[in-house]
Amino acid sequence: MTRSLLFCGLLALCAPAAHAQSTAAAAPRPWVVATYAYPQRDREAAIRPLADYLAARGGRATALRLFPSPTDLVEALRRGEVDVAVPNLHAYLQTRRWRASAPVTLPVPQVPAAQAERYRAVLVGRSDAVAADSLRREAPRLRLVLVGQDSASGGFVPAHHLRRLGLDPASDFAGLSYAGSHAAALQALSEGRAEVAALAADVYDAARPAGLVELWRSPPIPPGPLLCRPAPDVPCAEIAAWLLQAHTEAPSVMAALRAGWPEFGEAAGFTSADADALGALATRIE
């Protein structure tokens, strides 16, 4: 009798612990919402309302991650470490070239037309060193600064233009460096650490330092859509639908994204992305 009572007591003590372990094991993992870092922009704060909105709509906990660069972000997506990503255009185009495991293209911020026209790349030079019609000839003695290899307006878009001119950014200039931000690229030019710089047109237009000359300006550059990793527990189609409703359900989502990405202008909501048209740009990235 005493032995039976002792067994029942031990069973009663173990039951709550076993139940807790079973509940923990049954709890679904959080969806990981991620983006990449950028100087002077709190990108974690910029995606937090998005993560909270997806958690509320999906009844699923979310976790935030911040990666050093757009390329690091999409490589983590490829490895299955990220479920929803906020990339730039270069990162998005990288995924369009994957032969397998390509993520789902989600909606993209709907930038007002007038502001979308202003998101362009520029090549700017020191007026005492180069003119627009002499860039190809003078390149061997000019130092070039880009924002980053996986930047759009400060990277692959102007680099593609240079290659069309017959210039290899890495080998046909006196030097190539990466500034890390558009403001830093313009500063390098103004301080004489480079003779030619590539950066976003709106940053250049807002400053217009003396002694510089615009060498080239690109057509408008579209923003990169969000990305979703297809998996049994990640409902990408539903997430796409939720994003298209976010402007009424959670306006804070786009407000925070605008603070993190000035190129989104005054976008109030999302729109469906033209994946085919954007995919055609993938041949321009190196």
# chains A, B, ... in the order shown; residues from 1 in each chain; ligands from 1

call {"tool": "residues_around", "arguments": {"residues": "Glu117 in chain A", "least_positions_apart": "4", "cutoff": "12 Å", "atoms": "only C-alpha atoms", "output": "MDAnalysis selection string"}}
result
chainID A and resid 111:113 121 201:202 217:223 263:265

call {"tool": "select_by_dssp", "arguments": {"residues": "range 21-160 of chain A", "states": "strand (DSSP E)", "output": "PyMOL selection string"}}
result
chain A and resi 31-36+62-67+84-85+104-105+108-109+121-126+143-146

call {"tool": "closest_residue", "arguments": {"among": "A:Arg96, A:Arg141, A:Arg41, A:Arg29", "to": "Leu257 in chain A", "atoms": "only C-alpha atoms"}}
result
A:Arg41

call {"tool": "residues_around", "arguments": {"residues": "Arg193 in chain A", "least_positions_apart": "6", "cutoff": "10 Å", "atoms": "only C-alpha atoms", "output": "NGL selection string"}}
result
:A and (143-145 or 177 or 185 or 187)

call {"tool": "write_last_selection", "arguments": {"atoms": "all heavy atoms", "output": "compact mmCIF listing (two decimals), in the first residue's frame"}}
result
# COMPACT_ATOMS: atom_id res chain seq x y z
N ARG A 143 40.50 57.77 -59.40
CA ARG A 143 40.09 56.85 -58.34
C ARG A 143 38.56 56.85 -58.26
O ARG A 143 37.95 57.91 -58.21
CB ARG A 143 40.70 57.27 -57.00
CG ARG A 143 42.21 57.13 -56.94
CD ARG A 143 42.78 57.87 -55.73
NE ARG A 143 42.53 59.31 -55.85
CZ ARG A 143 42.78 60.19 -54.87
NH1 ARG A 143 43.28 59.77 -53.71
NH2 ARG A 143 42.53 61.48 -55.06
N LEU A 144 37.98 55.65 -58.24
CA LEU A 144 36.54 55.49 -58.22
C LEU A 144 36.09 54.99 -56.85
O LEU A 144 36.71 54.09 -56.27
CB LEU A 144 36.13 54.46 -59.29
CG LEU A 144 34.67 53.99 -59.31
CD1 LEU A 144 33.73 55.14 -59.67
CD2 LEU A 144 34.51 52.82 -60.28
N VAL A 145 35.01 55.57 -56.33
CA VAL A 145 34.43 55.09 -55.08
C VAL A 145 32.97 54.73 -55.33
O VAL A 145 32.22 55.49 -55.93
CB VAL A 145 34.56 56.13 -53.93
CG1 VAL A 145 33.87 57.44 -54.26
CG2 VAL A 145 34.03 55.55 -52.63
N SER A 177 37.32 51.81 -54.41
CA SER A 177 37.05 51.63 -52.98
C SER A 177 35.54 51.66 -52.76
O SER A 177 34.78 52.09 -53.62
CB SER A 177 37.74 52.71 -52.15
OG SER A 177 37.28 54.01 -52.52
N ALA A 185 30.28 58.16 -49.68
CA ALA A 185 30.84 58.20 -51.04
C ALA A 185 30.97 59.64 -51.52
O ALA A 185 31.99 60.03 -52.11
CB ALA A 185 29.95 57.41 -51.99
N GLN A 187 31.24 62.25 -49.59
CA GLN A 187 32.26 62.89 -48.77
C GLN A 187 33.66 62.54 -49.27
O GLN A 187 34.55 63.41 -49.29
CB GLN A 187 32.10 62.45 -47.32
CG GLN A 187 33.05 63.15 -46.36
CD GLN A 187 32.79 62.77 -44.91
OE1 GLN A 187 31.96 61.91 -44.62
NE2 GLN A 187 33.50 63.40 -44.00

call {"tool": "closest_atom_pairs", "arguments": {"of": "range 164-256 of chain A", "to": "range 122-126 of chain A", "cutoff": "9 Å", "atoms": "only C-alpha atoms", "output": "Markdown table"}}
result
| residue | atom | partner | partner_atom | distance |
| --- | --- | --- | --- | --- |
| A:Leu186 | CA | A:Val124 | CA | 8.4 |
| A:Leu189 | CA | A:Arg126 | CA | 7.0 |
| A:Ser190 | CA | A:Arg126 | CA | 7.8 |
| A:Gly192 | CA | A:Arg126 | CA | 8.3 |
| A:Ala194 | CA | A:Arg126 | CA | 8.3 |
| A:Glu195 | CA | A:Arg126 | CA | 5.4 |
| A:Val196 | CA | A:Gly125 | CA | 4.3 |
| A:Ala197 | CA | A:Val124 | CA | 5.3 |
| A:Ala198 | CA | A:Leu123 | CA | 4.6 |
| A:Leu199 | CA | A:Val122 | CA | 5.7 |
| A:Ala200 | CA | A:Val122 | CA | 6.1 |
| A:Ala201 | CA | A:Val122 | CA | 5.3 |
| A:Tyr204 | CA | A:Val122 | CA | 7.9 |
| A:Gly211 | CA | A:Arg126 | CA | 6.0 |
| A:Leu212 | CA | A:Arg126 | CA | 4.6 |
| A:Val213 | CA | A:Gly125 | CA | 5.3 |
| A:Glu214 | CA | A:Val124 | CA | 4.5 |
| A:Leu215 | CA | A:Leu123 | CA | 5.3 |
| A:Trp216 | CA | A:Leu123 | CA | 5.2 |
| A:Arg217 | CA | A:Val122 | CA | 4.4 |
| A:Ser218 | CA | A:Val122 | CA | 6.3 |

call {"tool": "atom_distance", "arguments": {"atom1": "CA of Ala255 in chain A", "atom2": "CA of Pro49 in chain A"}}
result
8.9 Å

call {"tool": "residues_around", "arguments": {"residues": "Ala273 in chain A", "least_positions_apart": "5", "cutoff": "12 Å", "atoms": "only C-alpha atoms", "output": "list of chain:residue names"}}
result
A:Tyr92, A:Val104, A:Thr105, A:Leu106, A:Pro107, A:Val108, A:Pro109, A:Gln110, A:Val111, A:Pro222, A:Pro223, A:Gly224, A:Pro225, A:Leu226, A:Leu227, A:Ala240, A:Leu243, A:Leu244, A:Leu278, A:Gly279

call {"tool": "write_last_selection", "arguments": {"atoms": "C-alpha atoms", "output": "compact mmCIF listing (two decimals), in the first residue's frame"}}
result
# COMPACT_ATOMS: atom_id res chain seq x y z
CA TYR A 92 16.39 40.43 -54.62
CA VAL A 104 8.59 33.62 -53.27
CA THR A 105 8.35 37.22 -54.45
CA LEU A 106 6.15 39.17 -52.04
CA PRO A 107 4.59 42.60 -52.64
CA VAL A 108 6.76 45.70 -52.87
CA PRO A 109 6.24 49.17 -51.32
CA GLN A 110 4.10 51.27 -53.67
CA VAL A 111 6.24 54.39 -54.07
CA PRO A 222 12.66 50.10 -58.84
CA PRO A 223 12.74 48.98 -55.20
CA GLY A 224 13.23 45.32 -54.38
CA PRO A 225 10.16 43.33 -53.28
CA LEU A 226 10.04 41.49 -50.00
CA LEU A 227 10.87 37.77 -50.08
CA ALA A 240 1.51 38.24 -49.52
CA LEU A 243 0.93 42.70 -46.85
CA LEU A 244 -1.55 43.99 -49.42
CA LEU A 278 12.43 42.78 -62.29
CA GLY A 279 13.98 39.43 -63.11

call {"tool": "closest_residue", "arguments": {"among": "A:Ala207, A:Val157, A:Ala45, A:Ala174", "to": "Pro140 in chain A", "atoms": "only C-alpha atoms"}}
result
A:Ala174

call {"tool": "residues_around", "arguments": {"residues": "Leu77 in chain A", "least_positions_apart": "3", "cutoff": "12 Å", "atoms": "only C-alpha atoms", "output": "mmCIF file with C-alpha atoms, in the first residue's frame"}}
result
data_model
loop_
_atom_site.group_PDB
_atom_site.id
_atom_site.type_symbol
_atom_site.label_atom_id
_atom_site.label_comp_id
_atom_site.auth_asym_id
_atom_site.auth_seq_id
_atom_site.Cartn_x
_atom_site.Cartn_y
_atom_site.Cartn_z
ATOM 1 C CA VAL A 32 12.225 34.928 -38.618
ATOM 2 C CA VAL A 33 11.802 38.373 -40.189
ATOM 3 C CA ALA A 34 15.126 39.870 -41.262
ATOM 4 C CA THR A 35 16.895 42.619 -43.157
ATOM 5 C CA TYR A 36 20.388 44.122 -43.498
ATOM 6 C CA ARG A 65 17.464 39.297 -37.334
ATOM 7 C CA PHE A 67 22.591 40.853 -41.219
ATOM 8 C CA PRO A 70 22.121 42.473 -48.446
ATOM 9 C CA THR A 71 24.123 39.493 -49.726
ATOM 10 C CA ASP A 72 24.447 38.051 -46.211
ATOM 11 C CA LEU A 73 20.689 38.442 -45.822
ATOM 12 C CA VAL A 74 19.734 36.438 -48.899
ATOM 13 C CA GLY A 80 16.700 28.435 -44.268
ATOM 14 C CA GLU A 81 17.587 30.837 -41.451
ATOM 15 C CA VAL A 82 15.131 33.544 -42.574
ATOM 16 C CA ASP A 83 11.438 33.261 -43.425
ATOM 17 C CA VAL A 84 10.551 36.807 -44.532
ATOM 18 C CA ALA A 85 13.244 39.184 -45.806
ATOM 19 C CA VAL A 86 13.299 42.885 -46.593
ATOM 20 C CA PRO A 87 16.107 43.092 -49.191
ATOM 21 C CA ALA A 91 19.756 41.136 -53.034
ATOM 22 C CA TYR A 92 16.391 40.426 -54.617
ATOM 23 C CA GLN A 94 20.536 37.571 -56.638
ATOM 24 C CA THR A 95 17.699 35.238 -55.691
ATOM 25 C CA TRP A 98 19.271 30.780 -58.066
ATOM 26 C CA SER A 101 15.082 27.004 -53.801
ATOM 27 C CA ALA A 102 14.170 30.432 -55.151
ATOM 28 C CA PRO A 103 12.085 32.337 -52.592
ATOM 29 C CA VAL A 104 8.593 33.624 -53.268
ATOM 30 C CA LEU A 226 10.043 41.488 -49.996
ATOM 31 C CA LEU A 227 10.874 37.772 -50.081
ATOM 32 C CA CYS A 228 9.380 34.698 -48.423
ATOM 33 C CA ARG A 229 11.007 31.306 -47.914
ATOM 34 C CA PRO A 230 8.588 28.602 -49.061
ATOM 35 C CA ALA A 231 8.178 25.941 -46.386
#

call {"tool": "closest_residue", "arguments": {"among": "A:Ser153, A:Ser252, A:Thr283, A:Ser272", "to": "Ala51 in chain A", "atoms": "only C-alpha atoms"}}
result
A:Ser252

call {"tool": "atom_distance", "arguments": {"atom1": "CA of His90 in chain A", "atom2": "CA of Leu146 in chain A"}}
result
14.2 Å

call {"tool": "residues_around", "arguments": {"residues": "Leu165 in chain A", "least_positions_apart": "4", "cutoff": "9 Å", "atoms": "only C-alpha atoms", "output": "ChimeraX atom specification"}}
result
/A:136,160-161

call {"tool": "decode", "arguments": {"residues": "range 134-198 of chain A", "atoms": "C-alpha atoms", "output": "PDB file, in the first residue's frame"}}
result
ATOM      1  CA  SER A 134      36.415  62.371 -70.946  1.00  0.00           C
ATOM      2  CA  LEU A 135      35.579  59.686 -68.374  1.00  0.00           C
ATOM      3  CA  ARG A 136      36.553  56.766 -70.572  1.00  0.00           C
ATOM      4  CA  ARG A 137      39.813  58.378 -71.644  1.00  0.00           C
ATOM      5  CA  GLU A 138      40.831  59.612 -68.194  1.00  0.00           C
ATOM      6  CA  ALA A 139      39.772  56.547 -66.173  1.00  0.00           C
ATOM      7  CA  PRO A 140      43.319  55.113 -65.699  1.00  0.00           C
ATOM      8  CA  ARG A 141      44.283  58.112 -63.572  1.00  0.00           C
ATOM      9  CA  LEU A 142      40.985  58.429 -61.664  1.00  0.00           C
ATOM     10  CA  ARG A 143      40.092  56.847 -58.337  1.00  0.00           C
ATOM     11  CA  LEU A 144      36.536  55.486 -58.220  1.00  0.00           C
ATOM     12  CA  VAL A 145      34.432  55.090 -55.081  1.00  0.00           C
ATOM     13  CA  LEU A 146      31.208  53.067 -54.927  1.00  0.00           C
ATOM     14  CA  VAL A 147      28.833  52.653 -51.999  1.00  0.00           C
ATOM     15  CA  GLY A 148      29.062  48.854 -51.959  1.00  0.00           C
ATOM     16  CA  GLN A 149      29.179  45.807 -54.185  1.00  0.00           C
ATOM     17  CA  ASP A 150      25.590  44.900 -53.389  1.00  0.00           C
ATOM     18  CA  SER A 151      24.176  48.416 -53.442  1.00  0.00           C
ATOM     19  CA  ALA A 152      21.751  49.266 -56.258  1.00  0.00           C
ATOM     20  CA  SER A 153      22.144  53.008 -56.879  1.00  0.00           C
ATOM     21  CA  GLY A 154      25.662  53.042 -55.463  1.00  0.00           C
ATOM     22  CA  GLY A 155      26.803  49.738 -56.889  1.00  0.00           C
ATOM     23  CA  PHE A 156      25.531  47.502 -59.668  1.00  0.00           C
ATOM     24  CA  VAL A 157      23.517  50.121 -61.598  1.00  0.00           C
ATOM     25  CA  PRO A 158      26.418  52.565 -62.168  1.00  0.00           C
ATOM     26  CA  ALA A 159      28.850  49.642 -62.538  1.00  0.00           C
ATOM     27  CA  HIS A 160      26.682  48.284 -65.358  1.00  0.00           C
ATOM     28  CA  HIS A 161      26.785  51.696 -67.048  1.00  0.00           C
ATOM     29  CA  LEU A 162      30.576  51.794 -66.782  1.00  0.00           C
ATOM     30  CA  ARG A 163      30.858  48.353 -68.339  1.00  0.00           C
ATOM     31  CA  ARG A 164      28.671  49.518 -71.223  1.00  0.00           C
ATOM     32  CA  LEU A 165      31.222  52.297 -71.739  1.00  0.00           C
ATOM     33  CA  GLY A 166      33.921  49.633 -71.906  1.00  0.00           C
ATOM     34  CA  LEU A 167      35.254  50.317 -68.414  1.00  0.00           C
ATOM     35  CA  ASP A 168      35.783  47.654 -65.783  1.00  0.00           C
ATOM     36  CA  PRO A 169      35.285  49.347 -62.381  1.00  0.00           C
ATOM     37  CA  ALA A 170      37.760  46.961 -60.747  1.00  0.00           C
ATOM     38  CA  SER A 171      40.628  47.206 -63.234  1.00  0.00           C
ATOM     39  CA  ASP A 172      40.298  50.246 -65.511  1.00  0.00           C
ATOM     40  CA  PHE A 173      40.502  52.949 -62.843  1.00  0.00           C
ATOM     41  CA  ALA A 174      43.487  54.021 -60.771  1.00  0.00           C
ATOM     42  CA  GLY A 175      41.749  52.587 -57.727  1.00  0.00           C
ATOM     43  CA  LEU A 176      38.393  51.296 -56.525  1.00  0.00           C
ATOM     44  CA  SER A 177      37.051  51.628 -52.983  1.00  0.00           C
ATOM     45  CA  TYR A 178      33.751  51.164 -51.196  1.00  0.00           C
ATOM     46  CA  ALA A 179      32.448  53.887 -48.907  1.00  0.00           C
ATOM     47  CA  GLY A 180      29.685  51.956 -47.141  1.00  0.00           C
ATOM     48  CA  SER A 181      27.021  54.643 -47.530  1.00  0.00           C
ATOM     49  CA  HIS A 182      25.914  57.205 -50.099  1.00  0.00           C
ATOM     50  CA  ALA A 183      26.834  60.131 -47.863  1.00  0.00           C
ATOM     51  CA  ALA A 184      30.303  58.657 -47.290  1.00  0.00           C
ATOM     52  CA  ALA A 185      30.841  58.200 -51.043  1.00  0.00           C
ATOM     53  CA  LEU A 186      30.009  61.853 -51.652  1.00  0.00           C
ATOM     54  CA  GLN A 187      32.261  62.885 -48.771  1.00  0.00           C
ATOM     55  CA  ALA A 188      35.177  60.901 -50.215  1.00  0.00           C
ATOM     56  CA  LEU A 189      34.795  62.831 -53.444  1.00  0.00           C
ATOM     57  CA  SER A 190      34.486  66.215 -51.743  1.00  0.00           C
ATOM     58  CA  GLU A 191      37.562  65.558 -49.594  1.00  0.00           C
ATOM     59  CA  GLY A 192      39.720  64.545 -52.546  1.00  0.00           C
ATOM     60  CA  ARG A 193      40.015  60.840 -51.709  1.00  0.00           C
ATOM     61  CA  ALA A 194      38.473  59.967 -55.079  1.00  0.00           C
ATOM     62  CA  GLU A 195      37.853  61.675 -58.412  1.00  0.00           C
ATOM     63  CA  VAL A 196      34.666  59.798 -59.380  1.00  0.00           C
ATOM     64  CA  ALA A 197      31.844  58.522 -57.148  1.00  0.00           C
ATOM     65  CA  ALA A 198      28.636  56.566 -57.686  1.00  0.00           C
TER      66      ALA A 198
END
